[in-house]
Every structure is written in C-alpha cells, then in structure tokens.
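Report on the following structure.
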Amino acid sequence: MDKNTSIHGMWSSRLMFILAATGSAVGLGNIWRFPYMTSDNGGGAFVLVYLGCIFFVGLPILVAEILIGRHGRVSPINTFRKLTRESGASRHWVAIGWIGIVAGILILSFYSVVAGWTLHYGWLYLKQLFGGAPITDPGATFQGLLASPVELTFWHAMFMLLTVAVVALGVEKGLERAVRFLMPSLFVLLLVLVGYGFTTGRMADAAAFLFRPDWSAIDGNVFLRAMGQAFFTLSLGMCTMMTYGAYLPREGVSIPRAGLAIALTDTSVALLAGLAIFPVVLSFGIDPAGGGPGLIFTSLPLAFEAMPFGILYGLLFFVLLAVAAWTSSISLLEPATAFLVERFGIANRKRAALGIAGLSWLLGLLSVLSLNLWSGVRILDRDIMTFIEFIANDLMLPLGGLLIALFAGWALNSTILREQLSDMPPALFTTWRWLLRVVAPALVLIVLVRAVL
Ligand code: PFF
C-alpha cells in the first residue's frame, strides 16, 4: 500500500479535514454538556480550569493524535502496532487503541440517547409550526420525555441509524457531505441566540457567571470534570482524531495550524453556547447553579416561546444541534469500524459499522432505563447513565490522552515527529514536546490520582 494514502479513503482537501475534525469536536459536548457542566461546577472557576486544560493539555495531544494518525494511515490499533515496530517501542502501547475502541462504544451509547432528545425536540417544534401545542412548561415537557422508555428508545434508534448510514458510506461519500454547510449554519444560529441574549438585559450577569471565577469553588472535583470535558469536547483520548488524521493528505497541511483552528473553533462554540443560554436562564429566573443535563431543554424553549419567529428558531436550533451531534457520532463510530474493516476486508464496511453501532445501541438502553424505570439504581452514587459517562469521559479519555502524550513524547521515533511537523518553528517544536513529555501527563496524572483517592 502507498504510504501516503489510506485504504479507507482520503479527505479531498485540507478544508474537508478541518471541517470534519471540527465537526467531530463540535457537538453535544459544546452546546448541551458545556453549559450544564459550568452550571453544576461553579461557573467561572470551571471555565477557567477548562480553558487551561484545552490549551495546555488538549491542544498538544490533539497535534500528537493527528500526526500519529497521518504517519500510521490505518486504524488506531494497527497504527500502534506499526509505530511501535518502527520505533522499537514496547508492544504494550497498542493498549491505547483498545482503550479508545471501548471508550468510543461507551460514549456513543449515551451520546445517541441525548442526541435522540434533540431529535424529539426538533419534532416538537416542527409540529408546533403546523399548529401543535406550544411548550409552556419546559420542565414538564422534558420530564415527560425522560419518563417514557419507548419514546427515548425510538429516538435513540433513529439517531443511531443516521450515524450508521454515514459511516457505512465511507469517508468521501458519507462524512464529507454531512459537514460541508451544516456546521457553518449552526454557528450562525448560535450568534442569533446570543443576539437574543442581549435583548434580555441579562447578558452582563451571564458573562459574569461564565467568566468571573469564584476561587473558592475550585476543588479536585472541578479539575476532574474540567479535564474530562476538555478531552470530550476536543474528541481526544480515544484515537478519533488519530483516525481522522489517517485520512489526511501529506501535502500542504500543517498539523499544528489545523490543531489550533480546531481547538479555537471548538472553544468559541462552547463559549457562544454559554452566552446564548445563561442570559435566558437568568432572565426567566432559573437558578444558574446546578442545572443538570436538562439545562438547555428546560431553559431555551422559554426563549423560543417568547421571541419573534421563536418556533422557527426552535426548530432550526434542535435540528442543527442534532446535525452537530451527528458529525460527532460518526467520528465515535469510525475508529472501531476502520479496525474491523482492516480485519475483515473493505467489502464488510457496512456490516462492521452496523455491528459496532448495534452494540452501542444496546448499551444505550441502559442509559434509557436509568432515566425512568431504573432511576433508583446507583453505582458509586451515580445513576447508570451518569456512571457510564463518568467512566468514559472523565477517566478513560484522560487516561488515553495521558498515554498518547507519553507515547508521542518519549517512545515515538523523533525522525517521524520532525517529518510530520516539518513546518513547526524549532522553538515551538521544543515547547510542544515538553508539554507532551511532562506538563500534560503530570497534570492529567495529578487530576486522575486525586479523583481516584
Ligand atoms: N467532541 C464531541 C462533542 O463535543 O460533542 C464528542 C466526542 C466525539 C467525543 C468523538 C469523543 C470522540 F471521539
């Protein structure tokens, strides 16, 4: 096989890679999870730690993942097999690929359930457009949805099918088409909502909540949640960006620049989501602290009912959010699918995607039930869905990221690094390498150890 192409296909341009990788990064993590994590973990203090994690830990690891992928050109497990051989490193590093596959299946399981909520809300607004009942009590509407296992399972299945459809089609036909114009539309719609936020008169308070840190709120737990959120939002630690990097052409693409563009876009979307949501939360007298996973579903409908053309905006918002989730969920499914394809042959791509998605869908039923019939079941003080989320996002992703940093920093042959990062100025290269070798691993380790002890 040619060293410069992948059997799974290639991105047709640099822009397509950036769009696809940004599509992976920007998703429920930014618009659903970031606001409620901020709300539950002390506002500005959480945001500050989160930003630190993005730029000092996430960005260096993002660059490492992309370059490892572009050099390997195959799925993560086989990439680690190849790279450890080339660098004369221990075969144990291959475990990183396995952690990634397990984390991906776990994350996809609940991700699809939550994405199902957004599909359901899109449907509610579509019905409203044609005379359906308005959402006058968003709290009750949301609780009503969670109480219905049948409805949750239906939307969870719909979303999983959408995901499989794209992944089964492969890189050029499936992934690229989905991201081309839908991502920019979501960005514009968020700006409209921030604009509405200004009309509520509570923008200044919202900004203060988001950006004025209350130092006393920072504890080990805030660090763990912020670190987990940084990995989750950048799609790091489970070899997704590595897989996307494997389809990235050699010529004319600077990995550090692409990484920076992805991290900046992702961060801006999260902050814009915060600036869109908190003015609404405050102006309707909802307590901004402790909003929980229902935050956007119980607050934004209030704004949509109050603003001109609100129903239309509501419909657009939830549909685009589902699309953002879609461009992320395909990236959750791709690494495991690519691995099976390498094992069983290209002709089996559809079956591979369907098999992994089916497994994830089944696991997702645990999350569905934990919202209603099994809501009393607690593991380590959490319901089942929160527990799966905790294990995958807050523990497995940082652990995977830590190992990737150590692998790229210490075990990988320097010639490969220099070759992949040939356009990086020497001083920046050295800084990046020490961030990977020492700073990022140390920070992740401290946070993980404190969390476990
Ligand atoms: N980054 C996505 C989001 O913020 O919604 C979620 C995600 C996608 C996490 C892909 C991990 C991943 F590999």
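Going by the structure tokens order, chains are called A, B, ..., each with residues numbered from 1, while ligands are numbered from 1 in the order shown.
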I'd like the neighbourhood of stretch 137-141 of chain A as a PDB file with N, CA and C atoms, in the first residue's frame, where a residue qualifies if any of its atoms comes within 10 Å (using only C-alpha atoms), though same-chain residues fewer than 5 positions away should be ignored.
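Output (result_16.pdb):
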ATOM      1  N   TYR A 121     -37.073  17.049  20.253  1.00  0.00           N
ATOM      2  CA  TYR A 121     -37.424  18.482  20.350  1.00  0.00           C
ATOM      3  C   TYR A 121     -37.602  19.090  18.969  1.00  0.00           C
ATOM      4  N   LEU A 146     -38.314  12.074  29.486  1.00  0.00           N
ATOM      5  CA  LEU A 146     -37.449  11.144  30.223  1.00  0.00           C
ATOM      6  C   LEU A 146     -38.241   9.986  30.822  1.00  0.00           C
ATOM      7  N   ALA A 147     -39.499  10.246  31.117  1.00  0.00           N
ATOM      8  CA  ALA A 147     -40.304   9.207  31.773  1.00  0.00           C
ATOM      9  C   ALA A 147     -40.754   8.122  30.801  1.00  0.00           C
ATOM     10  N   GLY A 294     -30.534  18.557  31.964  1.00  0.00           N
ATOM     11  CA  GLY A 294     -31.724  19.089  31.289  1.00  0.00           C
ATOM     12  C   GLY A 294     -31.618  20.566  30.962  1.00  0.00           C
ATOM     13  N   LEU A 295     -30.508  21.214  31.372  1.00  0.00           N
ATOM     14  CA  LEU A 295     -30.440  22.683  31.305  1.00  0.00           C
ATOM     15  C   LEU A 295     -30.923  23.298  29.991  1.00  0.00           C
ATOM     16  N   ILE A 296     -30.346  22.878  28.845  1.00  0.00           N
ATOM     17  CA  ILE A 296     -30.763  23.580  27.617  1.00  0.00           C
ATOM     18  C   ILE A 296     -32.207  23.235  27.245  1.00  0.00           C
ATOM     19  N   PHE A 297     -32.663  22.060  27.640  1.00  0.00           N
ATOM     20  CA  PHE A 297     -34.017  21.653  27.249  1.00  0.00           C
ATOM     21  C   PHE A 297     -35.086  22.332  28.110  1.00  0.00           C
ATOM     22  N   THR A 298     -34.681  22.732  29.311  1.00  0.00           N
ATOM     23  CA  THR A 298     -35.677  23.387  30.152  1.00  0.00           C
ATOM     24  C   THR A 298     -35.580  24.910  30.061  1.00  0.00           C
ATOM     25  N   SER A 299     -34.455  25.443  29.566  1.00  0.00           N
ATOM     26  CA  SER A 299     -34.353  26.900  29.509  1.00  0.00           C
ATOM     27  C   SER A 299     -34.640  27.458  28.112  1.00  0.00           C
ATOM     28  N   LEU A 300     -33.994  26.929  27.088  1.00  0.00           N
ATOM     29  CA  LEU A 300     -34.144  27.540  25.764  1.00  0.00           C
ATOM     30  C   LEU A 300     -35.587  27.586  25.243  1.00  0.00           C
ATOM     31  N   PRO A 301     -36.410  26.558  25.478  1.00  0.00           N
ATOM     32  CA  PRO A 301     -37.791  26.668  24.994  1.00  0.00           C
ATOM     33  C   PRO A 301     -38.510  27.906  25.528  1.00  0.00           C
ATOM     34  N   LEU A 302     -38.129  28.377  26.733  1.00  0.00           N
ATOM     35  CA  LEU A 302     -38.749  29.601  27.259  1.00  0.00           C
ATOM     36  C   LEU A 302     -38.459  30.759  26.327  1.00  0.00           C
TER      37      LEU A 302
END
Expected answer as a CSV table (one decimal) with C-alpha atoms, in the first residue's frame: residues within 9 Å of ligand 1, only C-alpha atoms and all ligand atoms:
chain,number,residue,atom,x,y,z
A,22,THR,CA,-14.2,20.4,13.7
A,23,GLY,CA,-17.5,18.5,13.1
A,24,SER,CA,-16.2,15.8,15.4
A,25,ALA,CA,-15.2,18.2,18.1
A,26,VAL,CA,-18.2,20.5,18.0
A,27,GLY,CA,-21.3,18.6,19.2
A,28,LEU,CA,-23.4,17.9,22.2
A,29,GLY,CA,-20.2,18.5,24.3
A,30,ASN,CA,-20.2,22.2,23.4
A,31,ILE,CA,-23.9,23.0,23.4
A,32,TRP,CA,-25.5,20.5,25.8
A,33,ARG,CA,-22.7,19.5,28.1
A,34,PHE,CA,-20.5,22.6,28.5
A,100,GLY,CA,-10.1,4.0,22.5
A,103,ALA,CA,-14.4,4.3,25.2
A,104,GLY,CA,-15.9,5.1,21.8
A,107,ILE,CA,-19.6,7.2,24.7
A,108,LEU,CA,-21.7,6.5,21.6
A,111,TYR,CA,-24.4,10.2,23.2
A,229,GLN,CA,-14.9,18.0,29.5
A,230,ALA,CA,-11.8,19.3,27.6
A,231,PHE,CA,-11.0,15.8,26.3
A,232,PHE,CA,-14.6,15.1,25.5
A,233,THR,CA,-15.2,18.3,23.6
A,234,LEU,CA,-12.0,18.0,21.5
A,235,SER,CA,-12.7,14.3,20.8
A,236,LEU,CA,-9.4,13.4,22.4
A,237,GLY,CA,-8.1,10.4,24.2
A,238,MET,CA,-9.9,7.7,22.2
A,239,CYS,CA,-8.0,8.0,18.9
A,240,THR,CA,-10.8,9.7,17.0
A,241,MET,CA,-8.5,12.5,15.8
A,266,ASP,CA,-14.5,24.4,19.4
A,270,ALA,CA,-18.8,26.3,23.7
A,324,ALA,CA,-23.7,18.7,15.2
A,325,ALA,CA,-24.2,15.6,17.2
A,327,THR,CA,-21.0,14.8,12.8
A,328,SER,CA,-19.6,13.8,16.2
A,329,SER,CA,-21.2,10.4,16.5
A,330,ILE,CA,-19.9,9.3,13.1
A,331,SER,CA,-16.4,10.1,14.5
A,332,LEU,CA,-17.2,8.0,17.5
A,333,LEU,CA,-18.1,5.0,15.3
A,335,PRO,CA,-12.2,4.1,14.7
A,393,ASN,CA,-15.4,10.8,29.7
A,397,LEU,CA,-10.4,9.8,27.9
### Task
Between atom CA of A:Thr84 and atom CA of A:Ala408, measure the distance and give it in Å to one decimal.
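Atom CA of A:Ala408 lies 10.8 Å from atom CA of A:Thr84.
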### Task
Report the distance between atom CA of A:Pro426 and atom CA of A:Ile66 in Å, rounded to one decimal place.
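Atom CA of A:Ile66 lies 19.0 Å from atom CA of A:Pro426.
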### Query
Neighbours of A:Leu189 within 9 Å (only C-alpha atoms; same-chain residues fewer than 6 positions away dropped), as an MDAnalysis selection string?
chainID A and resid 313 316:317 320
Compile the contact shell of A:Ile77 as a PDB file with N, CA, C and O atoms, in the first residue's frame: residues with an atom at most 12 Å away, counting only C-alpha atoms, same-chain residues fewer than 4 positions apart removed.
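File written: result39.pdb
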ATOM      1  N   ILE A  68       0.262  11.136  14.622  1.00  0.00           N
ATOM      2  CA  ILE A  68       0.400   9.676  14.717  1.00  0.00           C
ATOM      3  C   ILE A  68      -0.476   9.025  13.650  1.00  0.00           C
ATOM      4  O   ILE A  68      -0.067   8.110  12.940  1.00  0.00           O
ATOM      5  N   GLY A  69      -1.696   9.551  13.509  1.00  0.00           N
ATOM      6  CA  GLY A  69      -2.615   9.001  12.513  1.00  0.00           C
ATOM      7  C   GLY A  69      -2.087   9.165  11.108  1.00  0.00           C
ATOM      8  O   GLY A  69      -2.099   8.234  10.304  1.00  0.00           O
ATOM      9  N   GLY A  72       0.605   6.739  10.506  1.00  0.00           N
ATOM     10  CA  GLY A  72       0.203   5.331  10.512  1.00  0.00           C
ATOM     11  C   GLY A  72      -0.682   4.946   9.339  1.00  0.00           C
ATOM     12  O   GLY A  72      -0.562   3.859   8.800  1.00  0.00           O
ATOM     13  N   ARG A  73      -1.629   5.830   9.014  1.00  0.00           N
ATOM     14  CA  ARG A  73      -2.512   5.598   7.860  1.00  0.00           C
ATOM     15  C   ARG A  73      -3.511   4.465   8.009  1.00  0.00           C
ATOM     16  O   ARG A  73      -4.171   4.083   7.051  1.00  0.00           O
ATOM     17  N   ARG A  81       0.471  -0.792  16.323  1.00  0.00           N
ATOM     18  CA  ARG A  81       1.301  -1.967  16.007  1.00  0.00           C
ATOM     19  C   ARG A  81       2.452  -1.545  15.104  1.00  0.00           C
ATOM     20  O   ARG A  81       3.610  -1.899  15.317  1.00  0.00           O
ATOM     21  N   LYS A  82       2.093  -0.763  14.077  1.00  0.00           N
ATOM     22  CA  LYS A  82       3.104  -0.359  13.096  1.00  0.00           C
ATOM     23  C   LYS A  82       4.147   0.579  13.717  1.00  0.00           C
ATOM     24  O   LYS A  82       5.357   0.391  13.556  1.00  0.00           O
ATOM     25  N   LEU A  83       3.666   1.574  14.472  1.00  0.00           N
ATOM     26  CA  LEU A  83       4.591   2.564  15.011  1.00  0.00           C
ATOM     27  C   LEU A  83       5.500   2.000  16.094  1.00  0.00           C
ATOM     28  O   LEU A  83       6.661   2.407  16.204  1.00  0.00           O
ATOM     29  N   THR A  84       4.992   1.075  16.900  1.00  0.00           N
ATOM     30  CA  THR A  84       5.877   0.510  17.926  1.00  0.00           C
ATOM     31  C   THR A  84       6.978  -0.310  17.242  1.00  0.00           C
ATOM     32  O   THR A  84       8.124  -0.290  17.669  1.00  0.00           O
ATOM     33  N   ARG A  91       5.305  -3.331  22.689  1.00  0.00           N
ATOM     34  CA  ARG A  91       4.013  -3.613  22.069  1.00  0.00           C
ATOM     35  C   ARG A  91       2.849  -3.224  22.972  1.00  0.00           C
ATOM     36  O   ARG A  91       1.706  -3.126  22.525  1.00  0.00           O
ATOM     37  N   HIS A  92       3.143  -3.031  24.258  1.00  0.00           N
ATOM     38  CA  HIS A  92       2.047  -2.708  25.177  1.00  0.00           C
ATOM     39  C   HIS A  92       1.321  -1.423  24.819  1.00  0.00           C
ATOM     40  O   HIS A  92       0.178  -1.210  25.208  1.00  0.00           O
ATOM     41  N   TRP A  93       2.018  -0.539  24.064  1.00  0.00           N
ATOM     42  CA  TRP A  93       1.370   0.729  23.682  1.00  0.00           C
ATOM     43  C   TRP A  93       0.092   0.491  22.873  1.00  0.00           C
ATOM     44  O   TRP A  93      -0.771   1.346  22.782  1.00  0.00           O
ATOM     45  N   VAL A  94      -0.003  -0.681  22.263  1.00  0.00           N
ATOM     46  CA  VAL A  94      -1.187  -0.992  21.451  1.00  0.00           C
ATOM     47  C   VAL A  94      -2.467  -0.909  22.299  1.00  0.00           C
ATOM     48  O   VAL A  94      -3.556  -0.638  21.788  1.00  0.00           O
ATOM     49  N   ALA A  95      -2.297  -1.088  23.611  1.00  0.00           N
ATOM     50  CA  ALA A  95      -3.461  -0.994  24.510  1.00  0.00           C
ATOM     51  C   ALA A  95      -4.207   0.329  24.338  1.00  0.00           C
ATOM     52  O   ALA A  95      -5.418   0.397  24.543  1.00  0.00           O
ATOM     53  N   ILE A  96      -3.473   1.395  23.967  1.00  0.00           N
ATOM     54  CA  ILE A  96      -4.137   2.703  23.790  1.00  0.00           C
ATOM     55  C   ILE A  96      -5.273   2.573  22.770  1.00  0.00           C
ATOM     56  O   ILE A  96      -6.361   3.110  22.952  1.00  0.00           O
ATOM     57  N   GLY A  97      -5.003   1.835  21.701  1.00  0.00           N
ATOM     58  CA  GLY A  97      -6.022   1.651  20.664  1.00  0.00           C
ATOM     59  C   GLY A  97      -7.253   0.931  21.210  1.00  0.00           C
ATOM     60  O   GLY A  97      -8.389   1.283  20.891  1.00  0.00           O
ATOM     61  N   TRP A  98      -7.013  -0.047  22.072  1.00  0.00           N
ATOM     62  CA  TRP A  98      -8.150  -0.788  22.655  1.00  0.00           C
ATOM     63  C   TRP A  98      -8.946   0.075  23.618  1.00  0.00           C
ATOM     64  O   TRP A  98     -10.180   0.035  23.617  1.00  0.00           O
ATOM     65  N   ILE A  99      -8.232   0.871  24.421  1.00  0.00           N
ATOM     66  CA  ILE A  99      -8.959   1.788  25.331  1.00  0.00           C
ATOM     67  C   ILE A  99      -9.862   2.684  24.503  1.00  0.00           C
ATOM     68  O   ILE A  99     -11.026   2.921  24.822  1.00  0.00           O
ATOM     69  N   GLY A 100      -9.311   3.145  23.369  1.00  0.00           N
ATOM     70  CA  GLY A 100     -10.072   4.046  22.504  1.00  0.00           C
ATOM     71  C   GLY A 100     -11.341   3.392  21.985  1.00  0.00           C
ATOM     72  O   GLY A 100     -12.412   3.999  21.980  1.00  0.00           O
ATOM     73  N   ILE A 101     -11.212   2.148  21.560  1.00  0.00           N
ATOM     74  CA  ILE A 101     -12.388   1.482  20.990  1.00  0.00           C
ATOM     75  C   ILE A 101     -13.472   1.282  22.040  1.00  0.00           C
ATOM     76  O   ILE A 101     -14.653   1.564  21.809  1.00  0.00           O
ATOM     77  N   VAL A 102     -13.053   0.862  23.239  1.00  0.00           N
ATOM     78  CA  VAL A 102     -14.047   0.659  24.304  1.00  0.00           C
ATOM     79  C   VAL A 102     -14.684   1.994  24.687  1.00  0.00           C
ATOM     80  O   VAL A 102     -15.918   2.110  24.804  1.00  0.00           O
ATOM     81  N   MET A 238      -9.418   9.041  22.656  1.00  0.00           N
ATOM     82  CA  MET A 238      -9.926   7.744  22.205  1.00  0.00           C
ATOM     83  C   MET A 238      -9.585   7.499  20.735  1.00  0.00           C
ATOM     84  O   MET A 238     -10.233   6.705  20.068  1.00  0.00           O
ATOM     85  N   CYS A 239      -8.549   8.204  20.269  1.00  0.00           N
ATOM     86  CA  CYS A 239      -7.986   7.950  18.938  1.00  0.00           C
ATOM     87  C   CYS A 239      -8.909   8.332  17.774  1.00  0.00           C
ATOM     88  O   CYS A 239      -8.705   7.872  16.657  1.00  0.00           O
ATOM     89  N   THR A 240      -9.906   9.179  18.051  1.00  0.00           N
ATOM     90  CA  THR A 240     -10.763   9.650  16.958  1.00  0.00           C
ATOM     91  C   THR A 240      -9.982  10.564  16.026  1.00  0.00           C
ATOM     92  O   THR A 240     -10.005  10.419  14.803  1.00  0.00           O
ATOM     93  N   MET A 242      -6.930  10.702  15.709  1.00  0.00           N
ATOM     94  CA  MET A 242      -5.881   9.890  15.076  1.00  0.00           C
ATOM     95  C   MET A 242      -6.455   9.237  13.810  1.00  0.00           C
ATOM     96  O   MET A 242      -5.826   9.223  12.751  1.00  0.00           O
ATOM     97  N   THR A 243      -7.657   8.728  13.939  1.00  0.00           N
ATOM     98  CA  THR A 243      -8.293   8.075  12.793  1.00  0.00           C
ATOM     99  C   THR A 243      -8.540   9.087  11.678  1.00  0.00           C
ATOM    100  O   THR A 243      -8.278   8.800  10.503  1.00  0.00           O
ATOM    101  N   PRO A 335     -13.422   4.832  14.333  1.00  0.00           N
ATOM    102  CA  PRO A 335     -12.209   4.075  14.658  1.00  0.00           C
ATOM    103  C   PRO A 335     -12.449   2.569  14.758  1.00  0.00           C
ATOM    104  O   PRO A 335     -11.693   1.776  14.172  1.00  0.00           O
ATOM    105  N   ALA A 336     -13.504   2.163  15.448  1.00  0.00           N
ATOM    106  CA  ALA A 336     -13.769   0.730  15.597  1.00  0.00           C
ATOM    107  C   ALA A 336     -14.148   0.113  14.255  1.00  0.00           C
ATOM    108  O   ALA A 336     -13.743  -1.008  13.929  1.00  0.00           O
ATOM    109  N   THR A 337     -14.917   0.869  13.458  1.00  0.00           N
ATOM    110  CA  THR A 337     -15.311   0.359  12.141  1.00  0.00           C
ATOM    111  C   THR A 337     -14.076   0.139  11.274  1.00  0.00           C
ATOM    112  O   THR A 337     -13.930  -0.907  10.627  1.00  0.00           O
ATOM    113  N   ALA A 338     -13.183   1.127  11.262  1.00  0.00           N
ATOM    114  CA  ALA A 338     -11.978   1.007  10.433  1.00  0.00           C
ATOM    115  C   ALA A 338     -11.161  -0.212  10.867  1.00  0.00           C
ATOM    116  O   ALA A 338     -10.593  -0.934  10.037  1.00  0.00           O
ATOM    117  N   PHE A 339     -11.128  -0.459  12.178  1.00  0.00           N
ATOM    118  CA  PHE A 339     -10.370  -1.613  12.669  1.00  0.00           C
ATOM    119  C   PHE A 339     -10.968  -2.918  12.132  1.00  0.00           C
ATOM    120  O   PHE A 339     -10.250  -3.787  11.621  1.00  0.00           O
ATOM    121  N   LEU A 340     -12.306  -3.033  12.194  1.00  0.00           N
ATOM    122  CA  LEU A 340     -12.948  -4.262  11.688  1.00  0.00           C
ATOM    123  C   LEU A 340     -12.754  -4.398  10.184  1.00  0.00           C
ATOM    124  O   LEU A 340     -12.564  -5.508   9.671  1.00  0.00           O
ATOM    125  N   GLU A 342     -10.215  -3.409   8.488  1.00  0.00           N
ATOM    126  CA  GLU A 342      -8.853  -3.897   8.226  1.00  0.00           C
ATOM    127  C   GLU A 342      -8.745  -5.388   8.505  1.00  0.00           C
ATOM    128  O   GLU A 342      -7.953  -6.103   7.910  1.00  0.00           O
ATOM    129  N   ARG A 343      -9.566  -5.845   9.407  1.00  0.00           N
ATOM    130  CA  ARG A 343      -9.523  -7.251   9.759  1.00  0.00           C
ATOM    131  C   ARG A 343     -10.301  -8.109   8.756  1.00  0.00           C
ATOM    132  O   ARG A 343      -9.832  -9.157   8.344  1.00  0.00           O
TER     133      ARG A 343
END
### Task
Write out as an NGL selection string all residues of stretch 43-144 of chain A that backbone DSSP assigns to alpha helix (DSSP H).
:A and (44-52 or 59-72 or 76-87 or 95-129 or 138-144)
Find the residues near A:Asn41: any atom within 9 Å, counting only C-alpha atoms, skip ones fewer than 5 places away on the same chain, and give them as a PDB file with N, CA, C and O atoms, in the first residue's frame.
ATOM      1  N   TYR A  36     -24.131  22.963  31.070  1.00  0.00           N
ATOM      2  CA  TYR A  36     -24.591  22.429  32.357  1.00  0.00           C
ATOM      3  C   TYR A  36     -23.431  22.014  33.258  1.00  0.00           C
ATOM      4  O   TYR A  36     -23.528  22.079  34.481  1.00  0.00           O
ATOM      5  N   PHE A  46     -14.874  26.944  36.878  1.00  0.00           N
ATOM      6  CA  PHE A  46     -14.837  25.772  35.985  1.00  0.00           C
ATOM      7  C   PHE A  46     -14.333  26.182  34.610  1.00  0.00           C
ATOM      8  O   PHE A  46     -13.467  25.517  34.023  1.00  0.00           O
ATOM      9  N   ALA A 217     -14.660  27.946  44.645  1.00  0.00           N
ATOM     10  CA  ALA A 217     -15.402  26.824  44.045  1.00  0.00           C
ATOM     11  C   ALA A 217     -14.474  25.770  43.455  1.00  0.00           C
ATOM     12  O   ALA A 217     -14.922  24.690  43.072  1.00  0.00           O
ATOM     13  N   ILE A 218     -13.166  26.095  43.352  1.00  0.00           N
ATOM     14  CA  ILE A 218     -12.267  25.136  42.707  1.00  0.00           C
ATOM     15  C   ILE A 218     -11.813  24.069  43.696  1.00  0.00           C
ATOM     16  O   ILE A 218     -11.212  24.361  44.719  1.00  0.00           O
ATOM     17  N   ASN A 221     -12.548  17.973  42.351  1.00  0.00           N
ATOM     18  CA  ASN A 221     -13.636  17.534  41.505  1.00  0.00           C
ATOM     19  C   ASN A 221     -13.826  18.443  40.293  1.00  0.00           C
ATOM     20  O   ASN A 221     -14.039  17.982  39.172  1.00  0.00           O
ATOM     21  N   VAL A 222     -13.706  19.759  40.520  1.00  0.00           N
ATOM     22  CA  VAL A 222     -13.834  20.704  39.410  1.00  0.00           C
ATOM     23  C   VAL A 222     -12.737  20.432  38.375  1.00  0.00           C
ATOM     24  O   VAL A 222     -12.974  20.430  37.167  1.00  0.00           O
ATOM     25  N   ARG A 225     -13.687  17.242  36.380  1.00  0.00           N
ATOM     26  CA  ARG A 225     -14.764  17.473  35.434  1.00  0.00           C
ATOM     27  C   ARG A 225     -14.293  18.330  34.268  1.00  0.00           C
ATOM     28  O   ARG A 225     -14.642  18.104  33.126  1.00  0.00           O
ATOM     29  N   ALA A 226     -13.466  19.352  34.583  1.00  0.00           N
ATOM     30  CA  ALA A 226     -12.996  20.258  33.529  1.00  0.00           C
ATOM     31  C   ALA A 226     -12.051  19.520  32.582  1.00  0.00           C
ATOM     32  O   ALA A 226     -12.103  19.685  31.361  1.00  0.00           O
ATOM     33  N   ALA A 289     -27.083  27.793  38.927  1.00  0.00           N
ATOM     34  CA  ALA A 289     -26.245  26.739  39.505  1.00  0.00           C
ATOM     35  C   ALA A 289     -27.017  25.424  39.563  1.00  0.00           C
ATOM     36  O   ALA A 289     -28.193  25.396  39.913  1.00  0.00           O
ATOM     37  N   GLY A 290     -26.332  24.343  39.189  1.00  0.00           N
ATOM     38  CA  GLY A 290     -26.940  23.018  39.345  1.00  0.00           C
ATOM     39  C   GLY A 290     -28.030  22.715  38.340  1.00  0.00           C
ATOM     40  O   GLY A 290     -29.012  22.042  38.644  1.00  0.00           O
TER      41      GLY A 290
END
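Note that the spacing between atom CA of A:Trp326 and atom CA of A:Leu169 amounts to 14.3 Å.
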### Message
I need the residue nearest A:Ser109 from this list: A:Asp394, A:Asp219, A:Glu419, A:Glu389. Use only C-alpha atoms for the distance.
### Response
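Closest to A:Ser109 of all the choices is A:Glu389.
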### Pick from A:Phe318, A:Phe211, A:Phe17, A:Phe80, whichever lies nearest to A:Thr118 using only C-alpha atoms
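Under the stated criterion, the closest residue is A:Phe318.
Residues with any atom within 12 Å of stretch 377-380 of chain A, counting only C-alpha atoms and excluding same-chain neighbours fewer than 4 positions away, are Leu366, Ser367, Leu369, Ser370, Leu371, Asn372, Leu373, Ile384, Met385, Thr386, Phe387, Ile388, Glu389, Phe390, Ile391 and Val452 of chain A.
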### Query
What's the 9 Å shell around A:His8, counting only C-alpha atoms, without same-chain residues fewer than 2 positions away, as a PyMOL selection string?
chain A and resi 5-6+10+74+170-171+246-247+338+341-342+346
